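Trainee: What follows is the file my_file04.pdb, containing PDB, C-alpha atoms and all ligand atoms:
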```
ATOM      1  CA  MET A  20      54.216 -17.845 -43.193
ATOM      2  CA  HIS A  21      51.419 -15.374 -43.498
ATOM      3  CA  THR A  22      51.853 -14.304 -47.101
ATOM      4  CA  LYS A  23      50.439 -15.868 -50.224
ATOM      5  CA  GLU A  24      50.991 -15.389 -53.948
ATOM      6  CA  ILE A  25      47.527 -14.790 -55.416
ATOM      7  CA  GLY A  26      48.361 -13.594 -58.929
ATOM      8  CA  GLU A  27      51.069 -12.321 -61.234
ATOM      9  CA  ASN A  28      53.238  -9.989 -59.116
ATOM     10  CA  LEU A  29      50.445  -9.927 -56.559
ATOM     11  CA  PHE A  30      50.593 -11.088 -52.947
ATOM     12  CA  LEU A  31      48.332 -11.160 -49.901
ATOM     13  CA  ILE A  32      49.515 -10.612 -46.335
ATOM     14  CA  ASP A  33      47.244 -11.846 -43.551
ATOM     15  CA  LEU A  34      47.671  -9.136 -40.921
ATOM     16  CA  LYS A  35      46.265 -11.361 -38.168
ATOM     17  CA  THR A  36      45.027  -8.257 -36.378
ATOM     18  CA  GLY A  37      44.301  -8.975 -32.726
ATOM     19  CA  GLY A  38      45.297 -12.581 -33.392
ATOM     20  CA  PHE A  39      42.374 -13.099 -35.787
ATOM     21  CA  LYS A  40      43.304 -14.900 -39.000
ATOM     22  CA  ASN A  41      41.469 -14.094 -42.235
ATOM     23  CA  LEU A  42      40.118 -10.813 -40.848
ATOM     24  CA  ILE A  43      42.174  -8.045 -42.465
ATOM     25  CA  ALA A  44      44.394  -8.296 -45.530
ATOM     26  CA  SER A  45      47.059  -6.107 -47.039
ATOM     27  CA  TYR A  46      48.078  -6.646 -50.636
ATOM     28  CA  VAL A  47      51.450  -6.139 -52.261
ATOM     29  CA  LEU A  48      51.989  -5.519 -55.978
ATOM     30  CA  LYS A  49      55.544  -5.992 -57.110
ATOM     31  CA  GLY A  50      56.830  -4.185 -60.197
ATOM     32  CA  THR A  51      60.258  -2.606 -60.279
ATOM     33  CA  LYS A  52      58.895  -0.735 -57.261
ATOM     34  CA  ALA A  53      56.097  -1.912 -54.990
ATOM     35  CA  ILE A  54      52.592  -0.811 -54.041
ATOM     36  CA  ILE A  55      50.900  -1.798 -50.800
ATOM     37  CA  VAL A  56      47.093  -1.758 -50.866
ATOM     38  CA  GLU A  57      45.571  -1.225 -47.384
ATOM     39  CA  THR A  58      47.702  -1.031 -44.248
ATOM     40  CA  GLY A  59      45.223  -2.441 -41.775
ATOM     41  CA  PRO A  60      45.266  -0.857 -38.313
ATOM     42  CA  SER A  61      48.256   0.339 -36.281
ATOM     43  CA  SER A  62      48.345  -2.713 -34.044
ATOM     44  CA  SER A  63      49.209  -5.121 -36.857
ATOM     45  CA  ILE A  64      51.875  -3.032 -38.644
ATOM     46  CA  PRO A  65      54.608  -5.345 -37.250
ATOM     47  CA  ASN A  66      52.882  -8.227 -39.056
ATOM     48  CA  LEU A  67      52.691  -6.209 -42.263
ATOM     49  CA  LEU A  68      56.415  -5.465 -42.015
ATOM     50  CA  SER A  69      57.292  -9.111 -41.437
ATOM     51  CA  GLY A  70      55.112  -9.974 -44.434
ATOM     52  CA  LEU A  71      57.058  -7.537 -46.612
ATOM     53  CA  LYS A  72      60.269  -9.176 -45.432
ATOM     54  CA  GLU A  73      58.908 -12.609 -46.279
ATOM     55  CA  LEU A  74      58.108 -11.299 -49.785
ATOM     56  CA  ASN A  75      61.601  -9.789 -50.171
ATOM     57  CA  VAL A  76      60.175  -6.305 -50.588
ATOM     58  CA  LYS A  77      62.731  -3.751 -49.438
ATOM     59  CA  ALA A  78      61.338  -0.845 -47.418
ATOM     60  CA  GLU A  79      62.921   1.716 -49.760
ATOM     61  CA  ASP A  80      61.304   0.079 -52.795
ATOM     62  CA  VAL A  81      57.730   0.739 -51.674
ATOM     63  CA  ALA A  82      56.566   3.686 -53.789
ATOM     64  CA  TYR A  83      52.885   3.837 -52.828
ATOM     65  CA  VAL A  84      50.548   2.856 -50.032
ATOM     66  CA  ALA A  85      47.052   2.879 -51.519
ATOM     67  CA  LEU A  86      44.159   3.201 -49.042
ATOM     68  CA  SER A  87      40.530   2.499 -49.816
ATOM     69  CA  HIS A  88      39.540   4.806 -46.955
ATOM     70  CA  VAL A  89      40.691   5.963 -43.541
ATOM     71  CA  HIS A  90      38.633   3.695 -41.268
ATOM     72  CA  LEU A  91      41.069   2.176 -38.771
ATOM     73  CA  ASP A  92      40.927  -1.352 -40.141
ATOM     74  CA  HIS A  93      41.951  -0.116 -43.618
ATOM     75  CA  GLY A  94      44.166   2.936 -43.204
ATOM     76  CA  GLY A  95      44.671   3.263 -39.439
ATOM     77  CA  GLY A  96      48.206   1.936 -39.712
ATOM     78  CA  ALA A  97      49.381   4.342 -42.432
ATOM     79  CA  GLY A  98      51.202   6.717 -40.083
ATOM     80  CA  ALA A  99      52.948   3.918 -38.204
ATOM     81  CA  LEU A 100      53.900   2.150 -41.438
ATOM     82  CA  LEU A 101      55.365   5.220 -43.163
ATOM     83  CA  LYS A 102      58.048   5.523 -40.500
ATOM     84  CA  PHE A 103      59.549   2.353 -41.958
ATOM     85  CA  LEU A 104      59.098   3.219 -45.649
ATOM     86  CA  PRO A 105      61.366   6.156 -46.557
ATOM     87  CA  ASN A 106      60.086   6.663 -50.129
ATOM     88  CA  ALA A 107      56.416   5.731 -49.926
ATOM     89  CA  LYS A 108      53.514   8.106 -50.475
ATOM     90  CA  VAL A 109      49.987   7.414 -49.266
ATOM     91  CA  ILE A 110      47.171   7.527 -51.806
ATOM     92  CA  VAL A 111      43.878   8.693 -50.296
ATOM     93  CA  HIS A 112      40.645  10.488 -51.227
ATOM     94  CA  SER A 113      40.594  14.262 -50.635
ATOM     95  CA  ARG A 114      37.948  13.930 -47.917
ATOM     96  CA  GLY A 115      40.007  11.256 -46.150
ATOM     97  CA  ALA A 116      43.308  13.152 -46.225
ATOM     98  CA  PRO A 117      42.631  15.512 -43.270
ATOM     99  CA  HIS A 118      41.914  12.504 -41.024
ATOM    100  CA  LEU A 119      45.312  11.006 -41.822
ATOM    101  CA  VAL A 120      47.152  14.243 -41.094
ATOM    102  CA  ASN A 121      45.239  14.770 -37.866
ATOM    103  CA  PRO A 122      43.744  11.457 -36.718
ATOM    104  CA  GLU A 123      42.608  12.596 -33.251
ATOM    105  CA  LYS A 124      38.914  13.000 -34.111
ATOM    106  CA  LEU A 125      38.834   9.744 -36.095
ATOM    107  CA  TRP A 126      40.264   7.900 -33.101
ATOM    108  CA  LEU A 127      37.723   9.369 -30.670
ATOM    109  CA  GLN A 128      34.839   8.546 -33.017
ATOM    110  CA  SER A 129      36.161   5.041 -33.610
ATOM    111  CA  LYS A 130      36.318   4.363 -29.883
ATOM    112  CA  GLU A 131      32.751   5.546 -29.538
ATOM    113  CA  VAL A 132      31.448   3.399 -32.397
ATOM    114  CA  LEU A 133      33.616   0.308 -32.061
ATOM    115  CA  GLY A 134      34.254   0.146 -28.303
ATOM    116  CA  ASP A 135      36.720  -2.616 -27.446
ATOM    117  CA  VAL A 136      37.356  -3.361 -31.114
ATOM    118  CA  ALA A 137      38.983   0.087 -31.493
ATOM    119  CA  GLU A 138      41.480  -0.919 -28.815
ATOM    120  CA  ILE A 139      42.274  -4.080 -30.769
ATOM    121  CA  TYR A 140      43.018  -1.886 -33.799
ATOM    122  CA  GLY A 141      45.116   0.667 -31.888
ATOM    123  CA  ALA A 142      45.320   4.448 -32.201
ATOM    124  CA  PRO A 143      46.273   5.838 -35.616
ATOM    125  CA  GLU A 144      49.464   7.894 -35.904
ATOM    126  CA  PRO A 145      49.535  11.034 -38.046
ATOM    127  CA  VAL A 146      50.764  10.973 -41.640
ATOM    128  CA  PRO A 147      52.938  13.971 -42.653
ATOM    129  CA  GLU A 148      51.025  16.060 -45.188
ATOM    130  CA  ASP A 149      53.893  16.070 -47.699
ATOM    131  CA  ARG A 150      53.678  12.294 -47.920
ATOM    132  CA  LEU A 151      50.082  12.225 -49.123
ATOM    133  CA  ILE A 152      48.797  11.956 -52.671
ATOM    134  CA  VAL A 153      45.216  13.173 -52.912
ATOM    135  CA  ALA A 154      43.724  10.802 -55.448
ATOM    136  CA  ALA A 155      41.143  11.593 -58.092
ATOM    137  CA  ASP A 156      38.976   9.139 -60.004
ATOM    138  CA  GLY A 157      40.881   7.629 -62.948
ATOM    139  CA  MET A 158      44.415   8.346 -61.718
ATOM    140  CA  ILE A 159      46.887   5.586 -62.564
ATOM    141  CA  PHE A 160      49.877   4.580 -60.491
ATOM    142  CA  ASP A 161      52.570   2.660 -62.377
ATOM    143  CA  VAL A 162      55.454   0.844 -60.641
ATOM    144  CA  GLY A 163      57.008  -0.797 -63.698
ATOM    145  CA  ASN A 164      56.761  -4.292 -65.226
ATOM    146  CA  SER A 165      53.163  -3.572 -66.287
ATOM    147  CA  VAL A 166      52.126  -3.370 -62.656
ATOM    148  CA  LYS A 167      49.711  -0.505 -62.222
ATOM    149  CA  LEU A 168      46.627   0.519 -60.316
ATOM    150  CA  LYS A 169      43.758   2.763 -61.348
ATOM    151  CA  VAL A 170      41.770   4.765 -58.820
ATOM    152  CA  VAL A 171      38.012   4.186 -58.938
ATOM    153  CA  GLU A 172      36.020   6.499 -56.693
ATOM    154  CA  THR A 173      33.377   4.336 -55.004
ATOM    155  CA  LEU A 174      31.473   6.336 -52.413
ATOM    156  CA  GLY A 175      28.621   4.988 -50.302
ATOM    157  CA  HIS A 176      30.339   3.025 -47.546
ATOM    158  CA  ALA A 177      32.069   6.287 -46.719
ATOM    159  CA  SER A 178      32.089   9.709 -48.365
ATOM    160  CA  HIS A 179      35.782   9.286 -49.150
ATOM    161  CA  HIS A 180      35.965   5.682 -50.382
ATOM    162  CA  LEU A 181      38.166   4.510 -53.253
ATOM    163  CA  SER A 182      38.547   1.164 -54.972
ATOM    164  CA  TYR A 183      41.485   0.235 -57.175
ATOM    165  CA  TYR A 184      41.558  -1.600 -60.489
ATOM    166  CA  GLU A 185      44.555  -3.830 -61.189
ATOM    167  CA  PHE A 186      45.310  -4.266 -64.879
ATOM    168  CA  LEU A 187      47.303  -7.528 -65.053
ATOM    169  CA  SER A 188      44.646  -9.680 -63.410
ATOM    170  CA  LYS A 189      41.660  -7.440 -64.225
ATOM    171  CA  GLY A 190      41.016  -7.444 -60.504
ATOM    172  CA  ILE A 191      39.511  -4.936 -58.120
ATOM    173  CA  PHE A 192      40.455  -4.009 -54.580
ATOM    174  CA  PRO A 193      36.996  -2.967 -53.385
ATOM    175  CA  GLY A 194      37.947  -1.941 -49.831
ATOM    176  CA  ASP A 195      34.593  -1.921 -48.046
ATOM    177  CA  ALA A 196      32.511  -1.189 -51.165
ATOM    178  CA  ALA A 197      31.556  -4.843 -51.717
ATOM    179  CA  GLY A 198      31.114  -6.209 -48.197
ATOM    180  CA  VAL A 199      33.068  -8.608 -46.018
ATOM    181  CA  TYR A 200      33.799 -11.884 -47.774
ATOM    182  CA  LEU A 201      33.935 -15.020 -45.628
ATOM    183  CA  SER A 202      35.643 -17.520 -47.890
ATOM    184  CA  GLU A 203      35.080 -20.515 -45.622
ATOM    185  CA  PHE A 204      31.321 -20.036 -46.014
ATOM    186  CA  ASP A 205      31.378 -18.274 -49.383
ATOM    187  CA  VAL A 206      29.162 -15.606 -47.844
ATOM    188  CA  VAL A 207      29.322 -11.801 -47.917
ATOM    189  CA  ILE A 208      28.246  -9.578 -45.010
ATOM    190  CA  PRO A 209      27.358  -5.981 -45.889
ATOM    191  CA  THR A 210      29.664  -3.198 -44.708
ATOM    192  CA  THR A 211      27.257  -0.300 -44.398
ATOM    193  CA  PRO A 212      27.909   1.669 -41.193
ATOM    194  CA  PRO A 213      26.485   5.173 -40.722
ATOM    195  CA  PRO A 214      26.553   7.485 -42.580
ATOM    196  CA  PHE A 215      25.646   4.987 -45.284
ATOM    197  CA  HIS A 216      24.047   5.998 -48.581
ATOM    198  CA  LEU A 217      22.311   3.140 -50.367
ATOM    199  CA  ASP A 218      21.779   4.893 -53.687
ATOM    200  CA  ILE A 219      25.389   6.060 -53.855
ATOM    201  CA  ALA A 220      26.685   2.608 -52.835
ATOM    202  CA  LEU A 221      24.603   0.982 -55.587
ATOM    203  CA  ALA A 222      25.939   3.449 -58.161
ATOM    204  CA  SER A 223      29.478   2.597 -57.055
ATOM    205  CA  LEU A 224      28.808  -1.123 -57.473
ATOM    206  CA  GLU A 225      27.557  -0.461 -60.984
ATOM    207  CA  LYS A 226      30.698   1.507 -61.712
ATOM    208  CA  LEU A 227      32.785  -1.488 -60.639
ATOM    209  CA  VAL A 228      30.660  -3.869 -62.736
ATOM    210  CA  ARG A 229      31.269  -1.683 -65.807
ATOM    211  CA  LEU A 230      35.002  -2.442 -65.475
ATOM    212  CA  LYS A 231      34.152  -6.124 -66.081
ATOM    213  CA  PRO A 232      36.495  -7.368 -63.372
ATOM    214  CA  LYS A 233      37.458 -11.020 -63.055
ATOM    215  CA  ALA A 234      38.654 -11.053 -59.461
ATOM    216  CA  LEU A 235      37.962  -9.246 -56.221
ATOM    217  CA  TYR A 236      40.616  -8.758 -53.571
ATOM    218  CA  TYR A 237      38.643  -8.138 -50.424
ATOM    219  CA  SER A 238      40.278  -6.306 -47.534
ATOM    220  CA  HIS A 239      38.100  -8.630 -45.414
ATOM    221  CA  PHE A 240      39.198 -11.135 -46.693
ATOM    222  CA  GLY A 241      41.068 -12.535 -49.625
ATOM    223  CA  LYS A 242      40.737 -13.214 -53.326
ATOM    224  CA  ALA A 243      37.503 -14.351 -54.968
ATOM    225  CA  MET A 244      36.738 -15.044 -58.617
ATOM    226  CA  ASP A 245      33.366 -14.458 -60.327
ATOM    227  CA  ALA A 246      33.708 -10.788 -59.522
ATOM    228  CA  MET A 247      30.800  -9.615 -61.694
ATOM    229  CA  GLN A 248      28.401 -12.073 -60.094
ATOM    230  CA  ARG A 249      29.582 -11.153 -56.613
ATOM    231  CA  LEU A 250      29.159  -7.425 -57.175
ATOM    232  CA  GLN A 251      25.644  -7.940 -58.540
ATOM    233  CA  ASP A 252      24.750 -10.300 -55.671
ATOM    234  CA  TYR A 253      25.986  -7.700 -53.220
ATOM    235  CA  ALA A 254      23.791  -5.022 -54.777
ATOM    236  CA  ARG A 255      20.787  -7.350 -54.356
ATOM    237  CA  GLN A 256      21.758  -8.151 -50.784
ATOM    238  CA  ILE A 257      22.020  -4.531 -49.647
ATOM    239  CA  LYS A 258      18.690  -3.772 -51.303
ATOM    240  CA  LEU A 259      17.170  -6.609 -49.254
ATOM    241  CA  TRP A 260      18.696  -5.300 -46.016
ATOM    242  CA  ALA A 261      17.400  -1.827 -46.849
ATOM    243  CA  LYS A 262      13.880  -3.198 -47.423
ATOM    244  CA  ILE A 263      13.857  -5.164 -44.155
ATOM    245  CA  THR A 264      15.192  -2.158 -42.264
ATOM    246  CA  GLU A 265      12.651   0.244 -43.779
ATOM    247  CA  GLU A 266       9.841  -2.059 -42.582
ATOM    248  CA  GLY A 267      11.457  -2.229 -39.144
ATOM    249  CA  VAL A 268      11.855   1.532 -38.855
ATOM    250  CA  ARG A 269       8.246   2.032 -39.944
ATOM    251  CA  ASN A 270       7.160  -0.411 -37.223
ATOM    252  CA  LYS A 271       9.420   1.277 -34.675
ATOM    253  CA  GLU A 272      11.513  -1.860 -34.119
ATOM    254  CA  ARG A 273      14.793  -1.649 -32.248
ATOM    255  CA  LEU A 274      18.159  -2.487 -33.819
ATOM    256  CA  GLU A 275      18.224  -5.961 -32.248
ATOM    257  CA  ALA A 276      14.843  -6.859 -33.721
ATOM    258  CA  ILE A 277      15.816  -5.635 -37.184
ATOM    259  CA  ARG A 278      19.140  -7.478 -36.905
ATOM    260  CA  GLU A 279      17.358 -10.707 -36.020
ATOM    261  CA  ARG A 280      14.982 -10.372 -38.979
ATOM    262  CA  ILE A 281      17.929  -9.799 -41.304
ATOM    263  CA  LEU A 282      19.724 -12.857 -39.888
ATOM    264  CA  ALA A 283      16.564 -14.860 -40.543
ATOM    265  CA  GLU A 284      15.465 -13.452 -43.907
ATOM    266  CA  ASP A 285      18.803 -13.114 -45.719
ATOM    267  CA  GLN A 286      19.619 -16.700 -46.736
ATOM    268  CA  ALA A 287      23.360 -16.122 -46.568
ATOM    269  CA  MET A 288      23.117 -14.668 -43.071
ATOM    270  CA  ARG A 289      20.930 -17.549 -41.944
ATOM    271  CA  ARG A 290      23.698 -19.970 -42.890
ATOM    272  CA  ILE A 291      26.312 -18.196 -40.769
ATOM    273  CA  ALA A 292      24.181 -16.894 -37.897
ATOM    274  CA  SER A 293      25.769 -19.126 -35.272
ATOM    275  CA  PHE A 294      29.275 -18.264 -36.482
ATOM    276  CA  LEU A 295      28.450 -14.565 -36.247
ATOM    277  CA  ARG A 296      27.067 -14.849 -32.744
ATOM    278  CA  SER A 297      30.351 -16.357 -31.571
ATOM    279  CA  HIS A 298      32.577 -13.790 -33.327
ATOM    280  CA  PRO A 299      32.911 -10.558 -31.349
ATOM    281  CA  VAL A 300      34.529  -8.513 -34.137
ATOM    282  CA  PHE A 301      32.174  -9.487 -36.958
ATOM    283  CA  MET A 302      28.998  -9.148 -34.883
ATOM    284  CA  LYS A 303      29.940  -5.686 -33.682
ATOM    285  CA  THR A 304      31.746  -4.171 -36.648
ATOM    286  CA  ALA A 305      30.117  -5.904 -39.560
ATOM    287  CA  VAL A 306      26.577  -6.778 -38.605
ATOM    288  CA  GLU A 307      25.453  -4.286 -35.963
ATOM    289  CA  ASN A 308      27.116  -1.225 -37.451
ATOM    290  CA  SER A 309      25.821  -2.206 -40.863
ATOM    291  CA  VAL A 310      22.257  -2.529 -39.590
ATOM    292  CA  GLN A 311      22.657   0.851 -37.866
ATOM    293  CA  GLY A 312      23.736   2.323 -41.210
ATOM    294  CA  PHE A 313      20.530   1.107 -42.849
ATOM    295  CA  ILE A 314      18.433   2.379 -39.919
ATOM    296  CA  ASP A 315      19.952   5.859 -40.192
ATOM    297  CA  PHE A 316      19.512   5.842 -43.958
ATOM    298  CA  ALA A 317      15.870   4.748 -43.644
ATOM    299  CA  GLU A 318      15.155   7.419 -41.019
ATOM    300  CA  LYS A 319      16.742  10.124 -43.174
ATOM    301  CA  SER A 320      14.811   8.935 -46.218
ATOM    302  CA  GLN A 321      11.505   9.178 -44.358
ATOM    303  CA  ILE A 322      11.945  12.853 -43.543
TER     304      ILE A 322
HETATM  305 ZN    ZN A 401      35.193   1.087 -43.527
END
```
As C-alpha cells - that is how I would like this structure written.
Ligand SMILES: [Zn+2]
Mentor:
Amino acid sequence: MHTKEIGENLFLIDLKTGGFKNLIASYVLKGTKAIIVETGPSSSIPNLLSGLKELNVKAEDVAYVALSHVHLDHGGGAGALLKFLPNAKVIVHSRGAPHLVNPEKLWLQSKEVLGDVAEIYGAPEPVPEDRLIVAADGMIFDVGNSVKLKVVETLGHASHHLSYYEFLSKGIFPGDAAGVYLSEFDVVIPTTPPPFHLDIALASLEKLVRLKPKALYYSHFGKAMDAMQRLQDYARQIKLWAKITEEGVRNKERLEAIRERILAEDQAMRRIASFLRSHPVFMKTAVENSVQGFIDFAEKSQI
C-alpha cells in the first residue's frame, strides 16, 4: 500500500522515487472524472500507475494532470504517464509548456545541476503539444461532484510555477512555492534554486495566504494543517536565508561556508542538520541548490 486517503475525494500516492519514501508525492482528486496533481519524475511512473490502480482510478477517467512546474521531480514524468492515460490533458504554465514538448534542454540542464540525482529521476519524455492546456491564473478545472481546482500563479521558485487551490478542503497544492516539508521533524527546508527571485516568491506566498487555506499538500511531502501559519513561517525563513546569504556574499564566503551558517543560524535547520548530512537527495537538491539560489539572487541584487 502506498496510497492514503487524506481528505474528501482526495488521495496521496507516495511515489517512492529511487526507493525513497516520503520524498515525492502525487495527489489524486476523484470526482466523476479524476485529476492527478504532480507526476513526479519518469522513473517512478510505474509506482504512480500502481497507486491509481490501488485507488480504483481507471486510466480513461483521468481528465487532467496538473503540474506545478516542469522540474523533473514534479513534471518530469508527464510524457511517460500520458501514454497510459488516453483522455488526460496536462495543465502547465505557458513558460513551462515548451519544456514539456521538447524536454531535451531541461534534461541536459538537470543533469548539470543535479548530477546523480537526475539519473535517479530519469529522463523526461516529450508531451504531445495537443495534449497540453496552457494555464492562466484563476482558471478552474471541474471534474464533477464538487471536485475542482483553481490555478494560482505563484512565481519565484521558477518563472513558470503554479499552485492549485482545492475547494472542498480549502487546501493548496503549493508545488515548490512553500518549501520541502519534513513531517517527521515538522520542519520546512526552502526550495529556492537559481534563478530564484526572493521578492517574487514572497509576493506569491502572500497571494496564497490571501486564499485563507486550511491545508497544504506538499509535493515534498504530504498534508499539513495550519496552512496560514506555515506560509507565513516560510516567508520569514526565506528572508532569514536571504539575510545570511547577503552577509556571506559581501564577505566573499563560499557556498559551503554560507550553508554551514544557515544550518547553524536557522533553528529549524539546526534541529535536522545531522539528518540532512546523511541524506544525499535532500542535501544536494534542497539545501545546496537553495543556498546557490540565494547566492545568485544576492549577487544580482548587488549590481
Ligand atoms: Zn522545482
Trainee: Do you know which residues the PyMOL selection byres (((not hetatm)) within 9 of (chain A and resi 401)) returns on this file, as a PDB file with C-alpha atoms, in the frame of the given file?
Mentor:
```pdb
ATOM      1  CA  SER A  87      40.530   2.499 -49.816  1.00  0.00           C
ATOM      2  CA  HIS A  88      39.540   4.806 -46.955  1.00  0.00           C
ATOM      3  CA  VAL A  89      40.691   5.963 -43.541  1.00  0.00           C
ATOM      4  CA  HIS A  90      38.633   3.695 -41.268  1.00  0.00           C
ATOM      5  CA  LEU A  91      41.069   2.176 -38.771  1.00  0.00           C
ATOM      6  CA  ASP A  92      40.927  -1.352 -40.141  1.00  0.00           C
ATOM      7  CA  HIS A  93      41.951  -0.116 -43.618  1.00  0.00           C
ATOM      8  CA  HIS A 176      30.339   3.025 -47.546  1.00  0.00           C
ATOM      9  CA  ALA A 177      32.069   6.287 -46.719  1.00  0.00           C
ATOM     10  CA  HIS A 180      35.965   5.682 -50.382  1.00  0.00           C
ATOM     11  CA  GLY A 194      37.947  -1.941 -49.831  1.00  0.00           C
ATOM     12  CA  ASP A 195      34.593  -1.921 -48.046  1.00  0.00           C
ATOM     13  CA  ALA A 196      32.511  -1.189 -51.165  1.00  0.00           C
ATOM     14  CA  THR A 210      29.664  -3.198 -44.708  1.00  0.00           C
ATOM     15  CA  THR A 211      27.257  -0.300 -44.398  1.00  0.00           C
ATOM     16  CA  PRO A 212      27.909   1.669 -41.193  1.00  0.00           C
TER      17      PRO A 212
END
```
Trainee: Evaluate the PyMOL selection byres (((chain A and resi 277) around 9) and not hetatm) and record the selected residues as a ChimeraX atom specification, following the chain and residue labels used in the document.
Mentor: /A:263-264,266-268,272-276,278-282,310,314
Trainee: Which distance in Å separates atom CA of A:Glu131 and atom CA of A:Ala305, to one decimal?
Mentor: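 Between atom CA of A:Glu131 and atom CA of A:Ala305 the gap works out to 15.4 Å.
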Trainee: For the structure shown, which residues end up in the PyMOL selection byres (((chain A and resi 172) around 9) and not hetatm)? Put them as a PyMOL selection string, please?
Mentor: chain A and resi 112+154-157+170-171+173-174+179-183+223+226
Trainee: Taking only C-alpha atoms into account, which of A:Leu133, A:Ala246, A:Leu74, A:Ile152 comes nearest A:Ala197?
Mentor: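 Smallest separation from A:Ala197 among the options: A:Ala246.
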Trainee: Residues of stretch 59-161 of chain A within 6 Å of stretch 22-44 of chain A: nearest atom pair and distance (Å, one decimal) for each, counting only C-alpha atoms, sorted by chain and number, as CSV?
Mentor:
```
residue,atom,partner,partner_atom,distance
A:Ser63,CA,A:Thr36,CA,5.2
A:Asn66,CA,A:Leu34,CA,5.6
A:Leu67,CA,A:Leu34,CA,6.0
A:Gly70,CA,A:Ile32,CA,5.9
A:Ile139,CA,A:Gly37,CA,5.6
```
Trainee: Just give me the gap between atom CA of A:Gln286 and atom CA of A:Gly198 in Å, one decimal is fine.
Mentor: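 Taking atom CA of A:Gln286 as the start and atom CA of A:Gly198 as the end point, the length is 15.6 Å.
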Trainee: Counting all atoms listed in the file, which residues come within 7 Å of (44.8, 3.4, -50.8), with the point read in the file's coordinates, and could you list them as a list in words?
Mentor: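 Answer for this query, in the requested form: Val56, Glu57, Val84, Ala85, Leu86, Ser87, His88, Val109, Ile110 and Val111 of chain A.
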Trainee: May I have the residues from that selection written out with C-alpha atoms, as a short mmCIF file (atom, residue, chain, number, x, y, z; two decimals), keeping the file's coordinate frame?
Mentor:
```cif
data_model
loop_
_atom_site.label_atom_id
_atom_site.label_comp_id
_atom_site.auth_asym_id
_atom_site.auth_seq_id
_atom_site.Cartn_x
_atom_site.Cartn_y
_atom_site.Cartn_z
CA VAL A 56 47.09 -1.76 -50.87
CA GLU A 57 45.57 -1.23 -47.38
CA VAL A 84 50.55 2.86 -50.03
CA ALA A 85 47.05 2.88 -51.52
CA LEU A 86 44.16 3.20 -49.04
CA SER A 87 40.53 2.50 -49.82
CA HIS A 88 39.54 4.81 -46.96
CA VAL A 109 49.99 7.41 -49.27
CA ILE A 110 47.17 7.53 -51.81
CA VAL A 111 43.88 8.69 -50.30
#
```
Trainee: Which residue out of A:Ile208, A:Ala53, A:Val120, A:Val300 has the minimum interatomic distance to A:Asn164 when all atoms listed in the file are used?
Mentor: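 Ranked by minimum distance to A:Asn164, first place goes to A:Ala53.
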Trainee: Using all atoms listed in the file, which of A:Thr51, A:Ser69, A:Asn121, A:Asn106 sits nearest A:Tyr83?
Mentor: A:Asn106
Trainee: Compile the contact shell of A:Phe313 as a list in words: residues with an atom at most 9 Å away, counting all atoms listed in the file, same-chain residues fewer than 6 positions apart removed.
Mentor: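 Those residues are Thr211, Pro212, Pro213, Pro214, Phe215, His216, Leu217, Ile257, Trp260, Ala261, Thr264 and Glu265 of chain A.
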Trainee: Could you jot down the atom CA of A:Phe204 to atom CA of A:Thr304 separation for me, Å, one decimal place?
Mentor: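 Calculated distance between atom CA of A:Phe204 and atom CA of A:Thr304 is 18.4 Å.
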Trainee: Could you check the closest approach to A:Arg289 for each of A:Leu125, A:Val206, A:Leu259, A:Leu100 and tell me which residue wins, using only C-alpha atoms?
Mentor: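 For A:Arg289, the nearest of the candidates is A:Val206.
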Trainee: Find the residues near A:Trp126: any atom within 12 Å, counting only C-alpha atoms, skip ones fewer than 5 places away on the same chain, and give them as a VMD selection string.
Mentor: chain A and resid 60 to 61 89 to 92 94 to 96 118 to 119 121 131 to 134 136 to 138 140 to 145
Trainee: Select, from A:Lys72, A:Arg150, A:Lys130, A:Arg290, the residue with the minimum atom-to-atom distance to A:Gly98, counting all atoms listed in the file.
Mentor: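 Under the stated criterion, the closest residue is A:Arg150.
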Trainee: Could you check which of A:Glu148, A:Asp135, A:Asp245, A:Asp285 is closest to A:Pro209, using all atoms listed in the file?
Mentor: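 Comparing A:Glu148, A:Asp135, A:Asp245, A:Asp285 against A:Pro209, the winner is A:Asp285.
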Trainee: Taking (34.6, -9.5, -49.8) in the file's coordinates as the center, which residues reach within 7 Å of it, counting only C-alpha atoms, put as a PyMOL selection string?
Mentor: chain A and resi 197-201+207+237-240
Trainee: Need the shell around A:Lys167: protein/DNA/RNA residues with any atom at most 7 Å away, counting all atoms listed in the file. Skip same-chain ones fewer than 5 positions apart. Format as a ChimeraX atom specification?
Mentor: /A:159-162,185-186
